[in-house]
Amino acid sequence: MSCELKLKDRTGVINPIFTCQPAGAQYASIGIKDCIGIVHGGQGCVMFVRLLFSQHFKESFEIASSSLHEDAAVFGALNRVEQGVDVLLMRYPHVKVIPIITTCSTEVIGDDIDGAILKLNNGLLKQKYAGREVYLIPVHTPSFVGSMVSGYDIAVKDFVSYFAQSEGKVKGKINLITGWVNPGDVTELKSLLAEMHVEATVLFEIETFDSPLMPDGNHVSHGETTIEDLRSTANAIGTIALNRYEGGKAATYLEEEFDVSAIIGPTPIGIRNTDTFLQNVKKMTGKAIPESLVHKRGVAVDALTDLVHMFLTGKKVAIFGNPDLIIGLAEFCLDLEMQPVLLLLDDDNTNYAKDPRVKALQEGVDFNMEIVTNADLWELENRIKNEGLELDLILGHSKGRFISIDYNVPMVRVGFPIYDRAGHYRYPVMGYAGAMWLAEQMANAIFTDMEYKHHKEWVLGVW
Ligand code: SF4
């Protein structure tokens with residue numbers, strides 16, 4: 001029995017799991033109020049990312065493009081950044097925060113966006129927009145390294161380090177860096193903290209991306225994290241970053257620069273990790289875990305107990321998606337006595353081998369497990385198609401749907417993007433509510449599969 005961690009042994013990528021770094025920076029930027037990012041690159045670097053976000057959330061929101069054309073590859077395109085900032089400020093009087101997000105092409109050209117921002121700050125903003133509160137923030141996200149996950153991590157750190165400002169005294173809030181989550185997760189996390197009477201600055205807060213359609217017309221979604229929230233991060237009791245690779249950098253920065261203690265992880269997926277999260281909140285704030293949460297936990301544990309030994313034990317699962325999510329899901333599957341036999345982590349981060357959670361998986365499993373880094377979806381398909389991998393379930397986002405369809409393996413949609421199931425963004429995978437929802441989704445997928453294949457219906461245990 002072993003758990004092997006290995007790098008994909010092909011150079012090319014067939015059916016990628018992730019998209020590129022600027023997408024992550026865009027995801028972070030939509031979490032800020034009065035913010036519209038300018039992606040400095042071709043229109044596709046925004047259009048396709050916006051499409052993914054819209055398909056996932058089914059909401060309207062705004063991101064701008066400097067819209068490079070061929071001439072930019074020769075002459076550079078900083079003039080388009082300057083024009084873009086001017087147009088944004090003219091058209092959107094409420095906009096205060098404009099991250100300038102680079103892409104592969106503008107990083108290769110060598111466009112000096114930091115210099116352009118200096119020029120804009122000393123020129124356009126002083127002359128045409130004097131007295132207006134505007135912050136131009138460079139975010140370097142070349143897409144020939146990393147992935148949307150590292151792009152999110154970089155942008156979160158860039159926003160925090162730009163705004164964080166010490167007032168010399170600690171205020172009574174904690175920073176909660178959620179990572180790349182859904183509105184449903186934010187709602188669940190806020191509810192857990194509210195029950196503990198803990199005040200938190202939720203950073204890059206996208207709960208409002210499940211927004212109402214009101215009688216007065218269409219609603220444009222925007223994040224809820226304010227400039228003041230970002231400033232005050234330096235004066236928090238501490239920071240809890242739920243995901244190591246999606247916000248961990250910012251938590252470390254606040255600790256090193258402002259002495260704001262940081263707890264990074266675990267991703268609160270499943271009972272065990274949610275317990276640890278609440279214990280961490282208690283340790284940081286001194287607030288007790290109330291009986292109401294013990295009750296909420298009990299309801300979730302009861303729901304899981306109803307499913308584990310009858311239906312979930314021994315089920316073989318493949319999981320792909322964002323690394324923190326995958327690791328959290330794998331830990332949860334193990335707690336449910338399932339066998340996460342294949343984990344696909346898809347970017348070129350070389351630190352996964354040092355991740356204590358990965359080490360724990362490697363040391364603890366009593367079946368054969370593979371963890372593939374820099375992976376793509378062909379790693380999954382090839383194993384099913386050519387290497388005899390038998391699976392009971394796949395956990396991952398909608399890009400894996402054709403493998404599920406072609407090879408008749410049931411799949412529970414989890415992660416980003418999800419566009420072939422309704423309303424998933426509304427449901428948490430984090431917290432006790434998330435544990436219950438996930439386990440029930442997995443069981444229901446297995447039940448539906450039994451109906452569809454007329455196979456093993458006896459496991460339902462009824463007659
Ligand atoms: S890979 Fe490069 S060109 Fe393609 S979307 Fe990402 S940044 Fe734009």
# chains A, B, ... in the order shown; residues from 1 in each chain; ligands from 1
$ select_by_dssp --residues "segment 212-372 of chain A" --states "alpha helix (DSSP H)" --output "VMD selection string"
chain A and resid 227 to 232 248 to 258 270 to 285 291 to 307 323 to 335 356 to 364
$ residues_near_ligand --ligand "ligand 1" --cutoff "9 Å" --atoms "only C-alpha atoms and all ligand atoms" --output "PyMOL selection string"
chain A and resi 19-23+39-49+102-106+141-144
$ write_last_selection --atoms "C-alpha atoms" --output "PDB file, in the first residue's frame"
ATOM      1  CA  THR A  19      -6.630  28.313 -16.396  1.00  0.00           C
ATOM      2  CA  CYS A  20      -3.882  30.922 -16.126  1.00  0.00           C
ATOM      3  CA  GLN A  21      -2.611  33.334 -13.447  1.00  0.00           C
ATOM      4  CA  PRO A  22      -4.533  36.474 -14.571  1.00  0.00           C
ATOM      5  CA  ALA A  23      -7.800  34.559 -14.012  1.00  0.00           C
ATOM      6  CA  VAL A  39      -6.308  43.184 -17.564  1.00  0.00           C
ATOM      7  CA  HIS A  40      -3.354  44.319 -19.629  1.00  0.00           C
ATOM      8  CA  GLY A  41      -3.415  41.894 -22.522  1.00  0.00           C
ATOM      9  CA  GLY A  42      -5.523  40.674 -25.396  1.00  0.00           C
ATOM     10  CA  GLN A  43      -9.302  40.785 -25.045  1.00  0.00           C
ATOM     11  CA  GLY A  44      -9.448  37.006 -24.686  1.00  0.00           C
ATOM     12  CA  CYS A  45      -7.544  37.186 -21.388  1.00  0.00           C
ATOM     13  CA  VAL A  46     -10.660  38.848 -19.973  1.00  0.00           C
ATOM     14  CA  MET A  47     -13.398  37.579 -22.215  1.00  0.00           C
ATOM     15  CA  PHE A  48     -12.854  33.874 -21.585  1.00  0.00           C
ATOM     16  CA  VAL A  49     -12.278  34.408 -17.882  1.00  0.00           C
ATOM     17  CA  THR A 102      -0.540  41.684 -16.495  1.00  0.00           C
ATOM     18  CA  THR A 103      -0.730  38.683 -18.811  1.00  0.00           C
ATOM     19  CA  CYS A 104       1.730  36.497 -20.682  1.00  0.00           C
ATOM     20  CA  SER A 105       1.991  38.831 -23.666  1.00  0.00           C
ATOM     21  CA  THR A 106       2.569  42.052 -21.730  1.00  0.00           C
ATOM     22  CA  THR A 141       0.589  37.557 -13.237  1.00  0.00           C
ATOM     23  CA  PRO A 142       2.542  36.205 -16.207  1.00  0.00           C
ATOM     24  CA  SER A 143       0.698  33.118 -17.322  1.00  0.00           C
ATOM     25  CA  PHE A 144       3.707  31.082 -18.419  1.00  0.00           C
TER      26      PHE A 144
END
$ residues_around --residues "Met90 of chain A" --least-positions-apart "3" --cutoff "12 Å" --atoms "only C-alpha atoms" --output "NGL selection string"
:A and (83-87 or 93-96 or 124-125 or 128-129 or 132)
$ write_last_selection --atoms "all heavy atoms" --output "short mmCIF file (atom, residue, chain, number, x, y, z; two decimals), in the first residue's frame"
data_model
loop_
_atom_site.label_atom_id
_atom_site.label_comp_id
_atom_site.auth_asym_id
_atom_site.auth_seq_id
_atom_site.Cartn_x
_atom_site.Cartn_y
_atom_site.Cartn_z
N GLN A 83 -4.90 54.96 -21.41
CA GLN A 83 -6.25 55.26 -21.93
C GLN A 83 -7.31 54.49 -21.15
O GLN A 83 -8.38 55.01 -20.84
CB GLN A 83 -6.35 54.85 -23.40
CG GLN A 83 -5.62 55.77 -24.35
CD GLN A 83 -5.43 55.13 -25.73
OE1 GLN A 83 -5.96 54.06 -26.01
NE2 GLN A 83 -4.65 55.78 -26.56
N GLY A 84 -6.98 53.23 -20.82
CA GLY A 84 -7.95 52.38 -20.11
C GLY A 84 -8.31 52.95 -18.75
O GLY A 84 -9.49 52.99 -18.37
N VAL A 85 -7.31 53.42 -18.02
CA VAL A 85 -7.57 54.01 -16.70
C VAL A 85 -8.47 55.24 -16.86
O VAL A 85 -9.45 55.42 -16.12
CB VAL A 85 -6.24 54.38 -16.00
CG1 VAL A 85 -6.49 55.24 -14.76
CG2 VAL A 85 -5.48 53.11 -15.62
N ASP A 86 -8.16 56.07 -17.83
CA ASP A 86 -8.94 57.29 -18.06
C ASP A 86 -10.39 56.95 -18.39
O ASP A 86 -11.33 57.51 -17.81
CB ASP A 86 -8.28 58.08 -19.21
CG ASP A 86 -8.85 59.49 -19.33
OD1 ASP A 86 -9.46 59.97 -18.34
OD2 ASP A 86 -8.69 60.11 -20.39
N VAL A 87 -10.58 56.00 -19.30
CA VAL A 87 -11.95 55.63 -19.71
C VAL A 87 -12.73 55.06 -18.52
O VAL A 87 -13.89 55.42 -18.28
CB VAL A 87 -11.90 54.60 -20.87
CG1 VAL A 87 -13.28 54.01 -21.12
CG2 VAL A 87 -11.36 55.26 -22.13
N PRO A 93 -17.97 56.57 -12.13
CA PRO A 93 -17.58 57.56 -11.11
C PRO A 93 -17.36 56.94 -9.73
O PRO A 93 -16.70 57.56 -8.89
CB PRO A 93 -18.77 58.52 -11.08
CG PRO A 93 -19.62 58.18 -12.25
CD PRO A 93 -19.27 56.82 -12.72
N HIS A 94 -17.89 55.73 -9.49
CA HIS A 94 -17.74 55.14 -8.16
C HIS A 94 -16.42 54.38 -8.01
O HIS A 94 -16.01 54.04 -6.90
CB HIS A 94 -18.89 54.16 -7.87
CG HIS A 94 -18.82 52.92 -8.71
ND1 HIS A 94 -19.20 52.89 -10.03
CD2 HIS A 94 -18.37 51.67 -8.42
CE1 HIS A 94 -19.01 51.66 -10.52
NE2 HIS A 94 -18.51 50.91 -9.56
N VAL A 95 -15.73 54.13 -9.13
CA VAL A 95 -14.54 53.25 -9.05
C VAL A 95 -13.38 53.94 -8.34
O VAL A 95 -13.05 55.09 -8.63
CB VAL A 95 -14.12 52.80 -10.47
CG1 VAL A 95 -12.69 52.26 -10.49
CG2 VAL A 95 -15.06 51.71 -10.95
N LYS A 96 -12.81 53.21 -7.39
CA LYS A 96 -11.67 53.75 -6.64
C LYS A 96 -10.42 52.88 -6.83
O LYS A 96 -9.31 53.36 -6.78
CB LYS A 96 -11.99 53.80 -5.15
CG LYS A 96 -13.09 54.79 -4.80
CD LYS A 96 -13.38 54.74 -3.31
CE LYS A 96 -14.54 55.65 -2.96
NZ LYS A 96 -15.18 55.27 -1.71
N LEU A 124 -2.15 62.16 -15.04
CA LEU A 124 -3.61 62.13 -15.24
C LEU A 124 -4.40 62.30 -13.94
O LEU A 124 -5.33 63.10 -13.85
CB LEU A 124 -4.00 60.80 -15.90
CG LEU A 124 -5.48 60.66 -16.23
CD1 LEU A 124 -5.83 61.41 -17.52
CD2 LEU A 124 -5.87 59.20 -16.38
N LEU A 125 -4.01 61.55 -12.90
CA LEU A 125 -4.82 61.58 -11.67
C LEU A 125 -4.74 62.95 -11.00
O LEU A 125 -5.73 63.42 -10.42
CB LEU A 125 -4.38 60.49 -10.70
CG LEU A 125 -4.58 59.04 -11.15
CD1 LEU A 125 -4.40 58.07 -10.00
CD2 LEU A 125 -5.96 58.83 -11.77
N LYS A 128 -6.50 65.57 -14.16
CA LYS A 128 -7.91 65.42 -14.56
C LYS A 128 -8.80 64.95 -13.41
O LYS A 128 -10.00 65.21 -13.40
CB LYS A 128 -7.98 64.44 -15.73
CG LYS A 128 -9.32 64.36 -16.41
CD LYS A 128 -9.24 63.61 -17.73
CE LYS A 128 -10.61 63.40 -18.31
NZ LYS A 128 -10.56 62.57 -19.50
N TYR A 129 -8.21 64.21 -12.47
CA TYR A 129 -9.05 63.62 -11.40
C TYR A 129 -8.59 64.08 -10.01
O TYR A 129 -8.65 63.32 -9.05
CB TYR A 129 -9.04 62.08 -11.50
CG TYR A 129 -9.59 61.60 -12.82
CD1 TYR A 129 -8.75 61.24 -13.86
CD2 TYR A 129 -10.96 61.54 -13.03
CE1 TYR A 129 -9.26 60.82 -15.08
CE2 TYR A 129 -11.49 61.13 -14.26
CZ TYR A 129 -10.62 60.77 -15.27
OH TYR A 129 -11.14 60.37 -16.48
N ARG A 132 -10.00 63.09 -6.41
CA ARG A 132 -10.74 61.81 -6.44
C ARG A 132 -9.85 60.70 -5.85
O ARG A 132 -8.65 60.65 -6.09
CB ARG A 132 -11.12 61.46 -7.88
CG ARG A 132 -11.94 60.20 -7.97
CD ARG A 132 -12.64 60.08 -9.31
NE ARG A 132 -13.06 58.72 -9.55
CZ ARG A 132 -13.63 58.31 -10.65
NH1 ARG A 132 -13.86 59.18 -11.63
NH2 ARG A 132 -14.00 57.05 -10.80
#
$ closest_residue --among "A:Thr274, A:Asn218, A:Asn15, A:Thr239" --to "Trp378 of chain A" --atoms "only C-alpha atoms"
A:Asn15
$ closest_residue --among "A:Ile269, A:Ile237, A:Leu192, A:Met310" --to "Lys283 of chain A" --atoms "only C-alpha atoms"
A:Ile237
$ closest_atom_pairs --of "segment 11-51 of chain A" --to "segment 367-375 of chain A" --cutoff "12 Å" --atoms "only C-alpha atoms" --output "JSON lines"
{"residue": "A:Thr11", "atom": "CA", "partner": "A:Asn374", "partner_atom": "CA", "distance": 9.6}
{"residue": "A:Gly12", "atom": "CA", "partner": "A:Ala375", "partner_atom": "CA", "distance": 10.0}
{"residue": "A:Val13", "atom": "CA", "partner": "A:Ala375", "partner_atom": "CA", "distance": 7.8}
{"residue": "A:Ile14", "atom": "CA", "partner": "A:Ala375", "partner_atom": "CA", "distance": 9.2}
{"residue": "A:Asn15", "atom": "CA", "partner": "A:Ala375", "partner_atom": "CA", "distance": 9.6}
{"residue": "A:Pro16", "atom": "CA", "partner": "A:Ala375", "partner_atom": "CA", "distance": 7.7}
{"residue": "A:Ile17", "atom": "CA", "partner": "A:Ala375", "partner_atom": "CA", "distance": 7.6}
{"residue": "A:Phe18", "atom": "CA", "partner": "A:Ala375", "partner_atom": "CA", "distance": 9.5}
$ closest_residue --among "A:Met450, A:Leu304, A:Ile206, A:Val149" --to "Asn243 of chain A" --atoms "only C-alpha atoms"
A:Val149
$ select_by_dssp --residues "segment 58-187 of chain A" --states "strand (DSSP E or B)" --output "ChimeraX atom specification"
/A:60,64-65,97-102,135-139,174-177
$ closest_residue --among "A:Val459, A:Ile177, A:Leu203, A:Ala234" --to "Leu307 of chain A" --atoms "only C-alpha atoms"
A:Val459
$ atom_distance --atom1 "atom CA of Gln441 of chain A" --atom2 "atom CA of Glu457 of chain A"
17.5 Å
$ closest_residue --among "A:Glu363, A:Asp34, A:Glu107, A:Asp376" --to "Asp347 of chain A" --atoms "only C-alpha atoms"
A:Asp376
$ residues_around --residues "Ile154 of chain A" --least-positions-apart "2" --cutoff "12 Å" --atoms "only C-alpha atoms" --output "compact mmCIF listing (two decimals) with all heavy atoms, in the first residue's frame"
# COMPACT_ATOMS: atom_id res chain seq x y z
N GLN A 21 -2.74 32.44 -14.62
CA GLN A 21 -2.61 33.33 -13.45
C GLN A 21 -3.54 34.55 -13.46
O GLN A 21 -4.14 34.86 -12.42
CB GLN A 21 -1.16 33.80 -13.31
CG GLN A 21 -0.22 32.72 -12.82
CD GLN A 21 0.93 33.27 -12.00
OE1 GLN A 21 0.98 33.11 -10.78
NE2 GLN A 21 1.85 33.91 -12.66
N PRO A 22 -3.66 35.29 -14.60
CA PRO A 22 -4.53 36.47 -14.57
C PRO A 22 -5.97 36.14 -14.15
O PRO A 22 -6.65 36.99 -13.56
CB PRO A 22 -4.50 36.98 -16.02
CG PRO A 22 -3.23 36.43 -16.58
CD PRO A 22 -2.99 35.13 -15.90
N ALA A 23 -6.43 34.93 -14.42
CA ALA A 23 -7.80 34.56 -14.01
C ALA A 23 -7.92 34.61 -12.49
O ALA A 23 -8.93 35.08 -11.95
CB ALA A 23 -8.14 33.16 -14.53
N GLY A 24 -6.89 34.15 -11.80
CA GLY A 24 -6.91 34.18 -10.34
C GLY A 24 -6.91 35.61 -9.82
O GLY A 24 -7.62 35.94 -8.86
N ALA A 25 -6.11 36.47 -10.47
CA ALA A 25 -6.07 37.87 -10.04
C ALA A 25 -7.44 38.52 -10.26
O ALA A 25 -7.89 39.35 -9.46
CB ALA A 25 -4.98 38.62 -10.81
N GLN A 26 -8.10 38.12 -11.34
CA GLN A 26 -9.43 38.67 -11.61
C GLN A 26 -10.44 38.18 -10.57
O GLN A 26 -11.32 38.92 -10.15
CB GLN A 26 -9.88 38.28 -13.04
CG GLN A 26 -9.09 39.00 -14.12
CD GLN A 26 -9.37 38.47 -15.51
OE1 GLN A 26 -10.47 38.63 -16.03
NE2 GLN A 26 -8.40 37.86 -16.14
N TYR A 27 -10.29 36.93 -10.15
CA TYR A 27 -11.22 36.40 -9.13
C TYR A 27 -11.06 37.17 -7.82
O TYR A 27 -12.03 37.48 -7.14
CB TYR A 27 -10.98 34.90 -8.91
CG TYR A 27 -12.18 34.18 -8.31
CD1 TYR A 27 -13.17 33.65 -9.13
CD2 TYR A 27 -12.33 34.04 -6.93
CE1 TYR A 27 -14.27 33.00 -8.60
CE2 TYR A 27 -13.43 33.38 -6.39
CZ TYR A 27 -14.39 32.87 -7.23
OH TYR A 27 -15.49 32.22 -6.71
N ALA A 28 -9.80 37.46 -7.47
CA ALA A 28 -9.57 38.24 -6.23
C ALA A 28 -10.15 39.64 -6.38
O ALA A 28 -10.78 40.17 -5.46
CB ALA A 28 -8.08 38.29 -5.91
N SER A 29 -9.97 40.25 -7.57
CA SER A 29 -10.37 41.65 -7.72
C SER A 29 -11.90 41.81 -7.69
O SER A 29 -12.39 42.86 -7.26
CB SER A 29 -9.77 42.26 -8.99
OG SER A 29 -10.40 41.74 -10.13
N ILE A 101 -3.61 44.26 -14.16
CA ILE A 101 -3.25 42.84 -14.10
C ILE A 101 -2.53 42.46 -15.39
O ILE A 101 -3.10 42.58 -16.48
CB ILE A 101 -4.53 41.99 -13.92
CG1 ILE A 101 -5.24 42.37 -12.61
CG2 ILE A 101 -4.21 40.50 -13.96
CD1 ILE A 101 -6.68 41.86 -12.49
N THR A 102 -1.28 42.02 -15.27
CA THR A 102 -0.54 41.68 -16.50
C THR A 102 -0.89 40.27 -16.97
O THR A 102 -1.49 39.48 -16.25
CB THR A 102 0.98 41.77 -16.28
OG1 THR A 102 1.37 40.78 -15.32
CG2 THR A 102 1.41 43.15 -15.82
N PRO A 138 -0.33 47.61 -9.27
CA PRO A 138 0.23 46.64 -10.24
C PRO A 138 0.10 45.21 -9.72
O PRO A 138 0.41 44.93 -8.56
CB PRO A 138 1.71 47.05 -10.32
CG PRO A 138 1.99 47.71 -9.01
CD PRO A 138 0.71 48.32 -8.51
N VAL A 139 -0.39 44.33 -10.56
CA VAL A 139 -0.46 42.90 -10.20
C VAL A 139 0.20 42.11 -11.34
O VAL A 139 -0.32 42.07 -12.46
CB VAL A 139 -1.92 42.43 -10.01
CG1 VAL A 139 -1.95 40.95 -9.62
CG2 VAL A 139 -2.64 43.27 -8.95
N HIS A 140 1.35 41.55 -11.03
CA HIS A 140 2.10 40.83 -12.07
C HIS A 140 1.71 39.36 -12.09
O HIS A 140 2.03 38.61 -11.17
CB HIS A 140 3.61 40.97 -11.81
CG HIS A 140 4.11 42.35 -12.04
ND1 HIS A 140 4.52 42.79 -13.28
CD2 HIS A 140 4.24 43.41 -11.21
CE1 HIS A 140 4.89 44.07 -13.20
NE2 HIS A 140 4.72 44.47 -11.95
N THR A 141 1.03 38.96 -13.15
CA THR A 141 0.59 37.56 -13.24
C THR A 141 0.91 36.98 -14.62
O THR A 141 -0.01 36.70 -15.41
CB THR A 141 -0.92 37.44 -12.95
OG1 THR A 141 -1.62 38.49 -13.65
CG2 THR A 141 -1.21 37.54 -11.49
N PRO A 142 2.21 36.83 -14.92
CA PRO A 142 2.54 36.20 -16.21
C PRO A 142 1.99 34.79 -16.23
O PRO A 142 2.09 34.06 -15.24
CB PRO A 142 4.07 36.20 -16.19
CG PRO A 142 4.46 36.27 -14.75
CD PRO A 142 3.39 37.07 -14.08
N GLY A 146 2.91 29.11 -13.04
CA GLY A 146 1.80 29.05 -12.08
C GLY A 146 0.48 28.71 -12.74
O GLY A 146 0.42 28.09 -13.80
N SER A 147 -0.59 29.14 -12.10
CA SER A 147 -1.94 28.82 -12.56
C SER A 147 -2.87 29.87 -11.97
O SER A 147 -2.43 30.79 -11.26
CB SER A 147 -2.35 27.45 -12.04
OG SER A 147 -2.53 27.52 -10.64
N MET A 148 -4.16 29.69 -12.19
CA MET A 148 -5.11 30.64 -11.61
C MET A 148 -5.02 30.65 -10.08
O MET A 148 -5.32 31.66 -9.44
CB MET A 148 -6.53 30.32 -12.05
CG MET A 148 -7.07 28.98 -11.60
SD MET A 148 -8.68 28.68 -12.35
CE MET A 148 -9.34 27.42 -11.26
N VAL A 149 -4.56 29.54 -9.51
CA VAL A 149 -4.43 29.47 -8.04
C VAL A 149 -3.31 30.39 -7.56
O VAL A 149 -3.51 31.21 -6.65
CB VAL A 149 -4.18 28.01 -7.60
CG1 VAL A 149 -3.82 27.94 -6.13
CG2 VAL A 149 -5.39 27.15 -7.89
N SER A 150 -2.15 30.31 -8.20
CA SER A 150 -1.05 31.19 -7.77
C SER A 150 -1.37 32.64 -8.12
O SER A 150 -0.97 33.57 -7.41
CB SER A 150 0.28 30.76 -8.39
OG SER A 150 0.16 30.63 -9.78
N GLY A 151 -2.13 32.85 -9.22
CA GLY A 151 -2.53 34.22 -9.58
C GLY A 151 -3.42 34.83 -8.51
O GLY A 151 -3.29 36.01 -8.16
N TYR A 152 -4.31 34.03 -7.95
CA TYR A 152 -5.18 34.49 -6.86
C TYR A 152 -4.32 34.85 -5.64
O TYR A 152 -4.49 35.91 -5.03
CB TYR A 152 -6.18 33.39 -6.52
CG TYR A 152 -7.18 33.76 -5.44
CD1 TYR A 152 -8.41 34.31 -5.77
CD2 TYR A 152 -6.89 33.55 -4.09
CE1 TYR A 152 -9.33 34.65 -4.79
CE2 TYR A 152 -7.80 33.89 -3.11
CZ TYR A 152 -9.01 34.44 -3.46
OH TYR A 152 -9.91 34.77 -2.48
N VAL A 156 -4.06 38.59 -4.01
CA VAL A 156 -4.51 38.81 -2.62
C VAL A 156 -3.39 39.48 -1.83
O VAL A 156 -3.60 40.46 -1.11
CB VAL A 156 -4.93 37.46 -1.98
CG1 VAL A 156 -5.05 37.59 -0.48
CG2 VAL A 156 -6.26 37.00 -2.56
N LYS A 157 -2.18 38.98 -2.02
CA LYS A 157 -1.04 39.57 -1.29
C LYS A 157 -0.78 41.00 -1.78
O LYS A 157 -0.52 41.91 -0.98
CB LYS A 157 0.19 38.68 -1.50
CG LYS A 157 1.31 38.97 -0.53
CD LYS A 157 2.50 39.49 -1.21
CE LYS A 157 3.49 40.15 -0.35
NZ LYS A 157 4.58 40.71 -1.14
N ASP A 158 -0.88 41.22 -3.08
CA ASP A 158 -0.63 42.57 -3.61
C ASP A 158 -1.66 43.57 -3.08
O ASP A 158 -1.31 44.70 -2.72
CB ASP A 158 -0.68 42.56 -5.15
CG ASP A 158 0.59 41.94 -5.75
OD1 ASP A 158 1.54 41.68 -4.98
OD2 ASP A 158 0.61 41.71 -6.97
N PHE A 159 -2.92 43.18 -3.03
CA PHE A 159 -3.96 44.10 -2.51
C PHE A 159 -3.71 44.39 -1.03
O PHE A 159 -3.77 45.53 -0.58
CB PHE A 159 -5.36 43.50 -2.68
CG PHE A 159 -5.88 43.54 -4.09
CD1 PHE A 159 -6.24 42.38 -4.75
CD2 PHE A 159 -6.01 44.75 -4.75
CE1 PHE A 159 -6.72 42.42 -6.05
CE2 PHE A 159 -6.49 44.80 -6.06
CZ PHE A 159 -6.85 43.62 -6.71
N VAL A 160 -3.43 43.33 -0.27
CA VAL A 160 -3.24 43.50 1.17
C VAL A 160 -2.01 44.36 1.43
O VAL A 160 -2.05 45.31 2.22
CB VAL A 160 -3.15 42.13 1.87
CG1 VAL A 160 -2.65 42.28 3.30
CG2 VAL A 160 -4.51 41.43 1.87
N SER A 161 -0.92 44.06 0.75
CA SER A 161 0.31 44.82 1.04
C SER A 161 0.19 46.27 0.56
O SER A 161 0.80 47.16 1.12
CB SER A 161 1.55 44.14 0.43
OG SER A 161 1.39 44.03 -0.95
N GLY A 179 -9.94 32.31 0.51
CA GLY A 179 -9.48 31.56 -0.65
C GLY A 179 -10.58 31.53 -1.70
O GLY A 179 -11.60 32.23 -1.59
N TYR A 245 -2.64 27.77 -0.47
CA TYR A 245 -2.18 28.27 -1.78
C TYR A 245 -3.06 29.40 -2.31
O TYR A 245 -2.84 29.88 -3.41
CB TYR A 245 -2.14 27.10 -2.78
CG TYR A 245 -1.30 25.96 -2.28
CD1 TYR A 245 -1.87 24.78 -1.83
CD2 TYR A 245 0.09 26.10 -2.19
CE1 TYR A 245 -1.10 23.74 -1.34
CE2 TYR A 245 0.87 25.07 -1.71
CZ TYR A 245 0.27 23.90 -1.27
OH TYR A 245 1.05 22.88 -0.78
N GLU A 246 -4.07 29.79 -1.59
CA GLU A 246 -4.98 30.85 -2.04
C GLU A 246 -5.17 31.85 -0.90
O GLU A 246 -6.21 31.88 -0.27
CB GLU A 246 -6.34 30.26 -2.45
CG GLU A 246 -6.27 29.27 -3.57
CD GLU A 246 -7.51 28.38 -3.65
OE1 GLU A 246 -8.51 28.66 -2.98
OE2 GLU A 246 -7.45 27.38 -4.38
N GLY A 247 -4.14 32.59 -0.62
CA GLY A 247 -4.24 33.59 0.45
C GLY A 247 -3.17 33.42 1.51
O GLY A 247 -3.00 34.30 2.35
N GLY A 248 -2.45 32.31 1.48
CA GLY A 248 -1.40 32.07 2.46
C GLY A 248 -0.31 33.13 2.44
O GLY A 248 0.19 33.56 3.49
N LYS A 249 0.05 33.58 1.23
CA LYS A 249 1.11 34.60 1.08
C LYS A 249 0.73 35.88 1.84
O LYS A 249 1.57 36.48 2.52
CB LYS A 249 1.25 34.97 -0.39
CG LYS A 249 2.32 34.25 -1.16
CD LYS A 249 2.56 34.99 -2.49
CE LYS A 249 3.60 34.29 -3.30
NZ LYS A 249 3.17 33.02 -3.87
N ALA A 250 -0.52 36.31 1.72
CA ALA A 250 -0.95 37.55 2.36
C ALA A 250 -0.93 37.41 3.88
O ALA A 250 -0.52 38.33 4.60
CB ALA A 250 -2.36 37.93 1.90
N ALA A 251 -1.34 36.24 4.38
CA ALA A 251 -1.33 36.01 5.83
C ALA A 251 0.10 36.07 6.36
O ALA A 251 0.37 36.69 7.40
CB ALA A 251 -1.96 34.65 6.14
N TYR A 253 2.58 37.66 4.95
CA TYR A 253 3.02 39.05 4.83
C TYR A 253 2.58 39.87 6.06
O TYR A 253 3.37 40.60 6.66
CB TYR A 253 2.46 39.67 3.55
CG TYR A 253 2.61 41.17 3.50
CD1 TYR A 253 3.81 41.75 3.10
CD2 TYR A 253 1.57 42.02 3.90
CE1 TYR A 253 3.97 43.13 3.09
CE2 TYR A 253 1.72 43.38 3.89
CZ TYR A 253 2.92 43.93 3.49
OH TYR A 253 3.07 45.30 3.51
$ residues_around --residues "Ile326 of chain A" --least-positions-apart "3" --cutoff "10 Å" --atoms "only C-alpha atoms" --output "ChimeraX atom specification"
/A:267,269,318-323,329-332,340,343-345,395-396,414-415
$ closest_residue --among "A:Asp216, A:Asp302, A:Asp406, A:Asp420" --to "Phe57 of chain A" --atoms "only C-alpha atoms"
A:Asp420
$ residues_around --residues "Trp437 of chain A" --least-positions-apart "6" --cutoff "8 Å" --atoms "only C-alpha atoms" --output "list in words"
Tyr427, Pro428 and Val429 of chain A
$ write_last_selection --atoms "N, CA and C atoms" --output "JSON list (two decimals), in the first residue's frame"
[["chain", "number", "residue", "atom", "x", "y", "z"],
["A", 427, "TYR", "N", -24.32, 26.54, -2.43],
["A", 427, "TYR", "CA", -24.15, 25.55, -1.36],
["A", 427, "TYR", "C", -22.70, 25.50, -0.90],
["A", 428, "PRO", "N", -22.49, 25.40, 0.41],
["A", 428, "PRO", "CA", -21.11, 25.36, 0.90],
["A", 428, "PRO", "C", -20.53, 23.96, 0.79],
["A", 429, "VAL", "N", -19.22, 23.90, 0.63],
["A", 429, "VAL", "CA", -18.54, 22.63, 0.87],
["A", 429, "VAL", "C", -17.76, 22.72, 2.18]]
